[in-house]
Structure formats: C-alpha cells, structure tokens
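For reference, the structure discussed in these notes is given below.
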Amino acid sequence: MLPKFVIVLLSIQLLWCVATVGPAFGQTSGSDTLKITLKEAETQFLKNNLDLIVQHYSVDQAQAQIITARLFNNPDFSFANVLYNPQTKRFFDTSHDGGEYSAELSQLIQTAGKRNKNIQLAQISMQQAQYQLFDLLRTLRYTLRNDFYKIYFQEQSAQVYQEEINSLAKTLKVFKEQYTKGNIAQKEVLRIQSQLYSLQSELNDLMDGIDDTQSELKVMIRAKPSSYVLPQVDINLEEKNIVSEVPYQHLVDSAYANRYDLKVARSVVDYNNINLKLQKATAIPDLTFSLAYDKQGSYVRDYSSAGIAFSLPFFNRNQGGIKQARIAVDASKVQLLSQQDQLESDLANNYKGALRLENLYNSFDPKFKEDFNHLIQEVFKNYQKHNISLLEFLDFYDSYKTNTLQLNNLQLNRISSLEQLNFATGTPFFNK
C-alpha cells in the first residue's frame, strides 16, 4: 500500500489529466492553423487544384483538334522561270520572244467522306478529354473527402492518446520521486514507464499517418505547406438507415449513367468504329485537280491545261490499316464489357460493406460513449476511496482509450464506406 500523501497527490494529478480536454493534438498555433469545413475545402479544391487545371488544358487542346480537322487542304502553287537563256544571254528572261516560264495550281479533294470522318474522330476525342476531366474530378474529390474525415477522426484518437500520455508522464515523475525515497517498489515505476513508452510509440505511428494525410490534403487544396488543416465536422449518423433506404438497383443504374470512366470506354468503341470507316475510305484514292500554264515550253506557245490525278489502288488498298481497325473495335468492346463487370463487382462489394457497417454502427447504444465516460469517473472515485489499485485504474482507463479509438474508427469506416459508394456510382448519394 502506498503512503496516503502519495495516493492523494496522484489522485489530484490523474483527476486533472482525465477531466481536461485539450486542443486537437498536432495543430500549430496562430495563423498556421487552417480551420476549414468540408464545403470550404471542396471550393478551394475546385478553384486551385493543379491536376484539374492541367486536365482543363487537355480539353482545350482537344477542341483545337476539331478546328484543325474541319480545315480544307491548302491548294498547291508552283512557278518556274528560265534561269539563263543562252540565246538572249539573259538571266531570268521573261521577254516576249525568248522568255520561258510556267505555273501550276493544284487542289487535293478528299473522297469517301474522309474529312467528315476525321471531324467525328476529333469530336469524340474532345468528349473523351471532357469525360477524363470529370472522372479525374470524381477520383480527386473522393480522395479529398476521405482525407478530410480521416484527419478529423484520427485527431480525435490522437487527443485520447495525448490525454493518457500526459496522465502517465505526470504519474511516472511522482513515482520516480517516491521510488528514490524508498516509498514504492521499482516494478511500479517500470509498469508505468512501459505503458507510457507503448502509448508514445502508438501515438507516433498515428501522427505519421496524420502528417501524410495532411500533406496530401494540403496539396489538393493548395494550402500553405506550413499550415495545419483542422477539419470542422458536424455530422450525426446515429440510428440512420442511410444505405438501406436506397434501392441497390438505383445505385447500379446511376453508376451506368454517371460513371465517366465507363463513358470513356464507350467512346473508345465509337472512336474505333468511326476509325474503321475511315480506314476503309482511305482505300479509295483522293483526287487532285490542277490548272497549268506554260509560255513556250510545250508544243504550242502559251500552253494551258486542266488535269486530274489520282493513284490506282492496284496493290495498296490499306488492307493492314483496315484489319488493325477491326481488331481495335473488337478489343474495345471486350474492354467495355470487362469494365462493366468490374463496376458491378466493385459496387456490390462496396454496398455490402457499407450495409454491414451501417448495421454495426446502429447496433451500438447512442449513449454508450456518455455512459463509458461516466463509468471512468466512477472508477476514479473508487480509486480515490482505495477500492481499486492504481494499476487497476490505469487498466480501466486503457480500456476507455481502446473503446474510444474503436468508436472513432467505426465512424470513419462508415463515412468512408458512404464515400466509396459515391465514388462507385459517380453520384453524390450520401454527401454529408
């Protein structure tokens, strides 16, 4: 049994540590702390994210390709003049009797609708760039929201760790003083010291994860690297059947209608079908019309002519290009089916997981956390009355820590499961 004055001193210190709730662990002071709501974070993300800006430029480039595809071929013009006339002994002789020069104007005319097919391909490419932009937005927004909630709940867990570490650190200091005076055994000091080191190691691992998530989130919203993002969250998921109220088929239909990566896959099939038509059209020769004039190099003076030229498709009828285009069509159709199968598989898996977490969360008594906090206070009173030992009290407090962390993780996992459904369907069904 410890001396009475030691028990009183430890009781006062532990009561202060357990009752005090400090600021979020890890945040910096002053202007370096960025308090932000999820809506504000999404606004900054849409405005500042560099990946989105780069993808916007890709859309602009694709639009410029449509302009290029719509342009007609430029006419060709050639002019030739005699360099030196040995009869008149003149350079570049253009005289009426001795001069010689010729000119030709030609225009290539594409046949079989090649120009229109190239325009269609450019338009599909622009649609693909837009779809890729929206799919990138879907992916980054999912990461943003997950990071936001992850930081919030891990901060809550870090605070629980810090409270117990503060309590044990103060207790350890007093125990060491009493040990030097011979009032307590060394095993008591080592027990507290071992638990303190274990908690500090767990907290360090948790803070490493928070720092990594902080870094990713700050890059996404372009916050200052020196700032510390402090999420402001106000949610209540207790006793709510959020997932079960939405019919599963509704989620599937929404995914097929709104998943932009699926739209990209469909557009690839369309692109390859148009390209197959273009490759077939390429087998048909284009025409070149020309007008020519020759002053006196032909059989008559001031010779003029009109002509037409085209290749004879005896050997090269673009057989290889047509075959490659057919293979690309078949491959893109298989890829589309594979992507649809993967979509349905991911959605079914995410739905089951979200439903399971919802049922688990709703099975918890909403007053559990409040009752557990009250229990800790009662345990402390029993410790003050010497009904339980210090180590028994610390075991109770460690149990409190473990249950609080589990509850934080459960809330985070439930919100993450909702975000996964939003991501899988491409629709903000469960935005909170």
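We label chains A, B, ... in the order they appear in the structure tokens, count residues from 1 in each chain, and number ligands from 1 in the order shown.
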Applying 12 Å and only C-alpha atoms, which residues near Gln335 (chain A) remain after dropping the ones on its own chain fewer than 3 positions away? List them as a PyMOL selection string.
chain A and resi 261-262+264-269+328-332+338-342
For the selection just defined, write its residues with N, CA and C atoms to a file, as a short mmCIF file (atom, residue, chain, number, x, y, z; two decimals), in the first residue's frame.
data_model
loop_
_atom_site.label_atom_id
_atom_site.label_comp_id
_atom_site.auth_asym_id
_atom_site.auth_seq_id
_atom_site.Cartn_x
_atom_site.Cartn_y
_atom_site.Cartn_z
N ASP A 261 -15.63 7.17 -66.37
CA ASP A 261 -14.66 6.21 -66.91
C ASP A 261 -15.35 5.19 -67.80
N LEU A 262 -16.62 4.87 -67.48
CA LEU A 262 -17.40 3.98 -68.33
C LEU A 262 -17.77 4.68 -69.64
N VAL A 264 -15.95 6.92 -71.06
CA VAL A 264 -14.72 6.91 -71.85
C VAL A 264 -14.59 5.59 -72.61
N ALA A 265 -14.87 4.48 -71.92
CA ALA A 265 -14.78 3.16 -72.55
C ALA A 265 -15.78 3.04 -73.70
N ARG A 266 -16.98 3.57 -73.52
CA ARG A 266 -17.96 3.54 -74.61
C ARG A 266 -17.51 4.40 -75.78
N SER A 267 -16.94 5.55 -75.46
CA SER A 267 -16.48 6.44 -76.54
C SER A 267 -15.32 5.83 -77.31
N VAL A 268 -14.52 4.99 -76.65
CA VAL A 268 -13.43 4.30 -77.35
C VAL A 268 -14.01 3.36 -78.41
N VAL A 269 -15.11 2.68 -78.08
CA VAL A 269 -15.78 1.81 -79.05
C VAL A 269 -16.27 2.65 -80.23
N ALA A 328 -9.12 -3.38 -83.30
CA ALA A 328 -9.31 -2.37 -82.26
C ALA A 328 -10.77 -2.27 -81.83
N VAL A 329 -11.70 -2.42 -82.78
CA VAL A 329 -13.13 -2.40 -82.45
C VAL A 329 -13.48 -3.57 -81.53
N ASP A 330 -13.04 -4.77 -81.90
CA ASP A 330 -13.34 -5.96 -81.09
C ASP A 330 -12.70 -5.85 -79.70
N ALA A 331 -11.46 -5.35 -79.66
CA ALA A 331 -10.77 -5.23 -78.36
C ALA A 331 -11.46 -4.22 -77.46
N SER A 332 -11.90 -3.10 -78.02
CA SER A 332 -12.56 -2.07 -77.21
C SER A 332 -13.91 -2.55 -76.69
N SER A 338 -15.49 -5.79 -69.82
CA SER A 338 -14.67 -6.03 -68.63
C SER A 338 -14.86 -4.90 -67.62
N GLN A 339 -14.93 -3.67 -68.11
CA GLN A 339 -15.09 -2.53 -67.20
C GLN A 339 -16.47 -2.54 -66.56
N GLN A 340 -17.49 -2.94 -67.31
CA GLN A 340 -18.83 -3.04 -66.74
C GLN A 340 -18.89 -4.11 -65.65
N ASP A 341 -18.25 -5.25 -65.91
CA ASP A 341 -18.21 -6.32 -64.91
C ASP A 341 -17.50 -5.85 -63.65
N GLN A 342 -16.37 -5.14 -63.82
CA GLN A 342 -15.62 -4.64 -62.67
C GLN A 342 -16.43 -3.62 -61.90
#
Give me every alpha helix (DSSP H) residue in region 9-195 of chain A, going by DSSP on the backbone, as a PyMOL selection string.
chain A and resi 9-19+38-48+50-70+114-180+186-195
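As for CA of Asn116 (chain A) and CA of Ile327 (chain A), they are spaced 22.6 Å apart.
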Pairwise distance, CA of Asn118 (chain A) with CA of Tyr131 (chain A), equals 19.9 Å
If we count only C-alpha atoms and set the cut-off at 6 Å, which residues sit around Asn408 (chain A), ignoring sequence neighbours fewer than 3 positions away in its own chain? Please answer as a list in words.
Phe153, Leu405 and Gln411 of chain A
Which of region 64-309 of chain A end up as strand (DSSP E or B) when DSSP is run on this backbone - answer as number ranges by chain?
A: 76-81, 84-85, 90-91, 101-109, 228-232, 287-294, 303-309
May I have the selected residues written with N, CA and C atoms, as an mmCIF file, in the first residue's frame?
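Saved file out-v1.cif follows:
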data_model
loop_
_atom_site.group_PDB
_atom_site.id
_atom_site.type_symbol
_atom_site.label_atom_id
_atom_site.label_comp_id
_atom_site.auth_asym_id
_atom_site.auth_seq_id
_atom_site.Cartn_x
_atom_site.Cartn_y
_atom_site.Cartn_z
ATOM 1 N N ASP A 76 -1.939 23.897 -103.839
ATOM 2 C CA ASP A 76 -0.507 23.972 -104.126
ATOM 3 C C ASP A 76 -0.284 24.834 -105.367
ATOM 4 N N PHE A 77 0.714 25.685 -105.303
ATOM 5 C CA PHE A 77 1.058 26.549 -106.436
ATOM 6 C C PHE A 77 2.542 26.424 -106.704
ATOM 7 N N SER A 78 2.883 26.288 -107.977
ATOM 8 C CA SER A 78 4.292 26.218 -108.357
ATOM 9 C C SER A 78 4.542 27.160 -109.541
ATOM 10 N N PHE A 79 5.728 27.735 -109.573
ATOM 11 C CA PHE A 79 6.125 28.644 -110.651
ATOM 12 C C PHE A 79 7.580 28.361 -110.993
ATOM 13 N N ALA A 80 7.876 28.284 -112.297
ATOM 14 C CA ALA A 80 9.241 28.035 -112.757
ATOM 15 C C ALA A 80 9.591 29.034 -113.860
ATOM 16 N N ASN A 81 10.827 29.538 -113.818
ATOM 17 C CA ASN A 81 11.289 30.515 -114.798
ATOM 18 C C ASN A 81 12.680 30.104 -115.276
ATOM 19 N N TYR A 84 18.795 30.853 -117.163
ATOM 20 C CA TYR A 84 19.673 31.603 -118.070
ATOM 21 C C TYR A 84 19.341 31.195 -119.498
ATOM 22 N N ASN A 85 19.083 32.157 -120.329
ATOM 23 C CA ASN A 85 18.770 31.919 -121.732
ATOM 24 C C ASN A 85 20.031 32.165 -122.547
ATOM 25 N N ARG A 90 20.461 36.217 -121.203
ATOM 26 C CA ARG A 90 19.802 36.888 -120.083
ATOM 27 C C ARG A 90 19.503 35.860 -118.973
ATOM 28 N N PHE A 91 19.614 36.376 -117.754
ATOM 29 C CA PHE A 91 19.152 35.586 -116.615
ATOM 30 C C PHE A 91 17.676 35.911 -116.353
ATOM 31 N N TYR A 101 8.594 30.654 -118.929
ATOM 32 C CA TYR A 101 8.178 30.392 -117.547
ATOM 33 C C TYR A 101 6.892 29.592 -117.582
ATOM 34 N N SER A 102 6.639 28.940 -116.457
ATOM 35 C CA SER A 102 5.427 28.115 -116.353
ATOM 36 C C SER A 102 4.889 28.212 -114.930
ATOM 37 N N ALA A 103 3.606 27.941 -114.784
ATOM 38 C CA ALA A 103 2.950 27.986 -113.468
ATOM 39 C C ALA A 103 1.902 26.882 -113.391
ATOM 40 N N GLU A 104 1.678 26.394 -112.152
ATOM 41 C CA GLU A 104 0.674 25.344 -111.965
ATOM 42 C C GLU A 104 -0.025 25.540 -110.628
ATOM 43 N N LEU A 105 -1.324 25.349 -110.611
ATOM 44 C CA LEU A 105 -2.150 25.427 -109.399
ATOM 45 C C LEU A 105 -2.910 24.121 -109.265
ATOM 46 N N SER A 106 -2.802 23.480 -108.085
ATOM 47 C CA SER A 106 -3.480 22.195 -107.881
ATOM 48 C C SER A 106 -4.190 22.178 -106.534
ATOM 49 N N GLN A 107 -5.240 21.371 -106.443
ATOM 50 C CA GLN A 107 -6.047 21.258 -105.223
ATOM 51 C C GLN A 107 -6.396 19.795 -104.984
ATOM 52 N N LEU A 108 -6.065 19.320 -103.751
ATOM 53 C CA LEU A 108 -6.405 17.947 -103.364
ATOM 54 C C LEU A 108 -7.831 17.909 -102.842
ATOM 55 N N ILE A 109 -8.624 16.987 -103.322
ATOM 56 C CA ILE A 109 -10.004 16.793 -102.884
ATOM 57 C C ILE A 109 -10.111 15.412 -102.254
ATOM 58 N N TYR A 228 -1.529 23.840 -40.778
ATOM 59 C CA TYR A 228 -2.065 22.595 -40.238
ATOM 60 C C TYR A 228 -3.579 22.635 -40.411
ATOM 61 N N VAL A 229 -4.098 21.729 -41.232
ATOM 62 C CA VAL A 229 -5.527 21.710 -41.533
ATOM 63 C C VAL A 229 -6.287 21.109 -40.358
ATOM 64 N N LEU A 230 -7.257 21.844 -39.878
ATOM 65 C CA LEU A 230 -8.080 21.393 -38.756
ATOM 66 C C LEU A 230 -9.525 21.279 -39.235
ATOM 67 N N PRO A 231 -9.976 20.080 -39.633
ATOM 68 C CA PRO A 231 -11.330 19.920 -40.180
ATOM 69 C C PRO A 231 -12.401 20.267 -39.159
ATOM 70 N N GLN A 232 -13.419 20.972 -39.635
ATOM 71 C CA GLN A 232 -14.585 21.302 -38.818
ATOM 72 C C GLN A 232 -15.739 20.424 -39.297
ATOM 73 N N LEU A 287 -8.541 12.750 -105.090
ATOM 74 C CA LEU A 287 -8.398 13.376 -106.403
ATOM 75 C C LEU A 287 -7.615 14.674 -106.267
ATOM 76 N N THR A 288 -6.782 14.928 -107.255
ATOM 77 C CA THR A 288 -6.058 16.198 -107.319
ATOM 78 C C THR A 288 -6.382 16.865 -108.648
ATOM 79 N N PHE A 289 -7.034 18.033 -108.573
ATOM 80 C CA PHE A 289 -7.347 18.821 -109.770
ATOM 81 C C PHE A 289 -6.270 19.885 -109.929
ATOM 82 N N SER A 290 -5.917 20.160 -111.212
ATOM 83 C CA SER A 290 -4.838 21.117 -111.443
ATOM 84 C C SER A 290 -5.119 21.974 -112.672
ATOM 85 N N LEU A 291 -4.564 23.188 -112.634
ATOM 86 C CA LEU A 291 -4.545 24.112 -113.775
ATOM 87 C C LEU A 291 -3.096 24.491 -114.012
ATOM 88 N N ALA A 292 -2.662 24.485 -115.318
ATOM 89 C CA ALA A 292 -1.257 24.760 -115.621
ATOM 90 C C ALA A 292 -1.141 25.697 -116.819
ATOM 91 N N TYR A 293 -0.036 26.452 -116.815
ATOM 92 C CA TYR A 293 0.272 27.342 -117.944
ATOM 93 C C TYR A 293 1.768 27.254 -118.222
ATOM 94 N N ASP A 294 2.101 27.181 -119.532
ATOM 95 C CA ASP A 294 3.497 27.145 -119.951
ATOM 96 C C ASP A 294 3.638 28.087 -121.146
ATOM 97 N N TYR A 303 0.829 27.619 -123.698
ATOM 98 C CA TYR A 303 0.086 26.373 -123.452
ATOM 99 C C TYR A 303 -0.602 26.437 -122.085
ATOM 100 N N SER A 304 -1.856 26.088 -122.005
ATOM 101 C CA SER A 304 -2.607 25.987 -120.744
ATOM 102 C C SER A 304 -3.324 24.651 -120.720
ATOM 103 N N SER A 305 -3.523 24.156 -119.471
ATOM 104 C CA SER A 305 -4.154 22.827 -119.344
ATOM 105 C C SER A 305 -4.908 22.715 -118.040
ATOM 106 N N ALA A 306 -5.822 21.778 -118.005
ATOM 107 C CA ALA A 306 -6.530 21.371 -116.787
ATOM 108 C C ALA A 306 -6.354 19.865 -116.651
ATOM 109 N N GLY A 307 -6.140 19.405 -115.410
ATOM 110 C CA GLY A 307 -5.869 17.986 -115.239
ATOM 111 C C GLY A 307 -6.443 17.421 -113.955
ATOM 112 N N ILE A 308 -6.450 16.135 -113.879
ATOM 113 C CA ILE A 308 -6.882 15.413 -112.686
ATOM 114 C C ILE A 308 -5.898 14.272 -112.448
ATOM 115 N N ALA A 309 -5.587 14.001 -111.165
ATOM 116 C CA ALA A 309 -4.641 12.946 -110.830
ATOM 117 C C ALA A 309 -5.153 12.149 -109.640
#
From the list A:Gln324, A:Leu144, A:Asp205, A:Val300, which residue is nearest Lys39 (chain A) when using only C-alpha atoms?
A:Leu144
Test item: residues at most 8 Å from Ile274 (chain A), only C-alpha atoms, excluding those fewer than 6 positions along its chain, as a PyMOL selection string:
chain A and resi 117+120-121
Selected residues, C-alpha atoms, written as a PDB file, in the first residue's frame, please.
ATOM      1  CA  LYS A 117     -14.879  11.136 -90.508  1.00  0.00           C
ATOM      2  CA  GLN A 120     -16.072  12.934 -85.997  1.00  0.00           C
ATOM      3  CA  LEU A 121     -12.892  11.385 -84.568  1.00  0.00           C
TER       4      LEU A 121
END
Leu172 (chain A) environment, 12 Å, only C-alpha atoms, sequence neighbours closer than 2 positions dropped, as a PyMOL selection string
chain A and resi 10+13-14+164-170+174-179+184+186-197+390
What lies within 12 Å of Gly209 (chain A) using only C-alpha atoms, ignoring chain neighbours under 4 positions off, as a list in words?
Gly26, Asp147, Lys150, Ile151, Phe153, Gln154, Glu155, Ala158, Glu202, Leu203, Asn204, Asp205, Thr213, Gln214, Ser215 and Glu216 of chain A
So that I can see what lies close to Leu251 (chain A), please list as a short mmCIF file (atom, residue, chain, number, x, y, z; two decimals) with all heavy atoms, in the first residue's frame the residues with an atom at most 9 Å from it, counting only C-alpha atoms and leaving out residues fewer than 2 positions away in the same chain.
data_model
loop_
_atom_site.label_atom_id
_atom_site.label_comp_id
_atom_site.auth_asym_id
_atom_site.auth_seq_id
_atom_site.Cartn_x
_atom_site.Cartn_y
_atom_site.Cartn_z
N VAL A 246 -31.75 3.31 -49.87
CA VAL A 246 -31.54 3.48 -51.32
C VAL A 246 -31.56 2.12 -51.98
O VAL A 246 -30.73 1.26 -51.66
CB VAL A 246 -30.20 4.20 -51.60
CG1 VAL A 246 -30.01 4.37 -53.10
CG2 VAL A 246 -30.16 5.55 -50.90
N PRO A 247 -32.49 1.85 -52.91
CA PRO A 247 -32.52 0.55 -53.60
C PRO A 247 -31.20 0.28 -54.33
O PRO A 247 -30.64 1.17 -54.97
CB PRO A 247 -33.69 0.69 -54.58
CG PRO A 247 -34.53 1.81 -54.03
CD PRO A 247 -33.58 2.75 -53.36
N TYR A 248 -30.75 -0.95 -54.24
CA TYR A 248 -29.46 -1.30 -54.86
C TYR A 248 -29.49 -1.07 -56.37
O TYR A 248 -28.52 -0.59 -56.95
CB TYR A 248 -29.11 -2.75 -54.55
CG TYR A 248 -27.85 -3.22 -55.21
CD1 TYR A 248 -26.61 -2.75 -54.80
CD2 TYR A 248 -27.89 -4.10 -56.30
CE1 TYR A 248 -25.44 -3.17 -55.42
CE2 TYR A 248 -26.73 -4.51 -56.93
CZ TYR A 248 -25.51 -4.04 -56.48
OH TYR A 248 -24.36 -4.44 -57.10
N GLN A 249 -30.61 -1.43 -57.01
CA GLN A 249 -30.69 -1.26 -58.47
C GLN A 249 -30.58 0.20 -58.86
O GLN A 249 -30.06 0.54 -59.93
CB GLN A 249 -32.01 -1.86 -59.00
CG GLN A 249 -32.07 -1.92 -60.52
CD GLN A 249 -30.95 -2.73 -61.12
OE1 GLN A 249 -30.62 -3.81 -60.64
NE2 GLN A 249 -30.35 -2.22 -62.20
N ASP A 253 -28.03 1.57 -61.67
CA ASP A 253 -28.46 2.41 -62.80
C ASP A 253 -27.72 3.74 -62.80
O ASP A 253 -27.33 4.26 -63.87
CB ASP A 253 -29.97 2.66 -62.72
CG ASP A 253 -30.77 1.37 -62.91
OD1 ASP A 253 -30.22 0.41 -63.46
OD2 ASP A 253 -31.95 1.35 -62.50
N SER A 254 -27.52 4.31 -61.62
CA SER A 254 -26.82 5.58 -61.53
C SER A 254 -25.37 5.43 -61.96
O SER A 254 -24.80 6.31 -62.62
CB SER A 254 -26.89 6.12 -60.10
OG SER A 254 -26.24 7.37 -60.01
N ALA A 255 -24.74 4.31 -61.59
CA ALA A 255 -23.35 4.08 -61.98
C ALA A 255 -23.22 3.99 -63.49
O ALA A 255 -22.30 4.57 -64.08
CB ALA A 255 -22.83 2.81 -61.31
N TYR A 256 -24.15 3.26 -64.14
CA TYR A 256 -24.09 3.14 -65.60
C TYR A 256 -24.33 4.48 -66.28
O TYR A 256 -23.81 4.73 -67.38
CB TYR A 256 -25.12 2.12 -66.08
CG TYR A 256 -24.59 0.71 -66.11
CD1 TYR A 256 -24.79 -0.16 -65.03
CD2 TYR A 256 -23.88 0.24 -67.20
CE1 TYR A 256 -24.30 -1.45 -65.05
CE2 TYR A 256 -23.38 -1.05 -67.23
CZ TYR A 256 -23.61 -1.89 -66.17
OH TYR A 256 -23.10 -3.17 -66.18
N LEU A 347 -19.21 -2.26 -57.03
CA LEU A 347 -20.39 -1.67 -56.42
C LEU A 347 -21.05 -2.64 -55.45
O LEU A 347 -21.45 -2.26 -54.34
CB LEU A 347 -21.37 -1.23 -57.50
CG LEU A 347 -22.64 -0.52 -57.02
CD1 LEU A 347 -22.29 0.71 -56.20
CD2 LEU A 347 -23.52 -0.14 -58.21
N LEU A 421 -19.28 4.39 -51.98
CA LEU A 421 -20.49 4.24 -52.80
C LEU A 421 -20.67 5.44 -53.72
O LEU A 421 -21.07 5.28 -54.88
CB LEU A 421 -21.71 4.06 -51.90
CG LEU A 421 -21.89 2.67 -51.27
CD1 LEU A 421 -23.12 2.66 -50.36
CD2 LEU A 421 -22.02 1.60 -52.34
N ALA A 424 -18.20 4.85 -56.45
CA ALA A 424 -18.55 3.73 -57.33
C ALA A 424 -19.72 4.07 -58.25
O ALA A 424 -19.79 3.56 -59.37
CB ALA A 424 -18.88 2.49 -56.50
N THR A 425 -20.64 4.92 -57.77
CA THR A 425 -21.81 5.27 -58.58
C THR A 425 -21.59 6.55 -59.39
O THR A 425 -22.36 6.82 -60.32
CB THR A 425 -23.05 5.47 -57.69
OG1 THR A 425 -22.78 6.52 -56.73
CG2 THR A 425 -23.39 4.19 -56.95
N THR A 427 -22.14 9.38 -58.25
CA THR A 427 -23.27 10.23 -57.87
C THR A 427 -23.17 10.54 -56.37
O THR A 427 -22.94 9.63 -55.57
CB THR A 427 -24.61 9.51 -58.13
OG1 THR A 427 -24.62 9.04 -59.48
CG2 THR A 427 -25.79 10.47 -57.92
N PHE A 429 -24.77 10.45 -53.67
CA PHE A 429 -25.95 9.99 -52.92
C PHE A 429 -25.84 10.32 -51.44
O PHE A 429 -26.83 10.69 -50.80
CB PHE A 429 -26.09 8.46 -53.06
CG PHE A 429 -26.74 8.02 -54.32
CD1 PHE A 429 -26.02 7.39 -55.30
CD2 PHE A 429 -28.09 8.25 -54.53
CE1 PHE A 429 -26.62 6.97 -56.48
CE2 PHE A 429 -28.71 7.84 -55.71
CZ PHE A 429 -27.97 7.20 -56.68
#
Among listed residues A:Gln132, A:Tyr152, A:His250, A:Lys89, nearest Ile235 (chain A) (using only C-alpha atoms)
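The closest residue to Ile235 (chain A) is A:Tyr152.
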Have a look at CA of Thr33 (chain A) and CA of Lys218 (chain A) and let me know their distance in Å, one decimal.
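Between CA of Thr33 (chain A) and CA of Lys218 (chain A) the gap works out to 12.0 Å.
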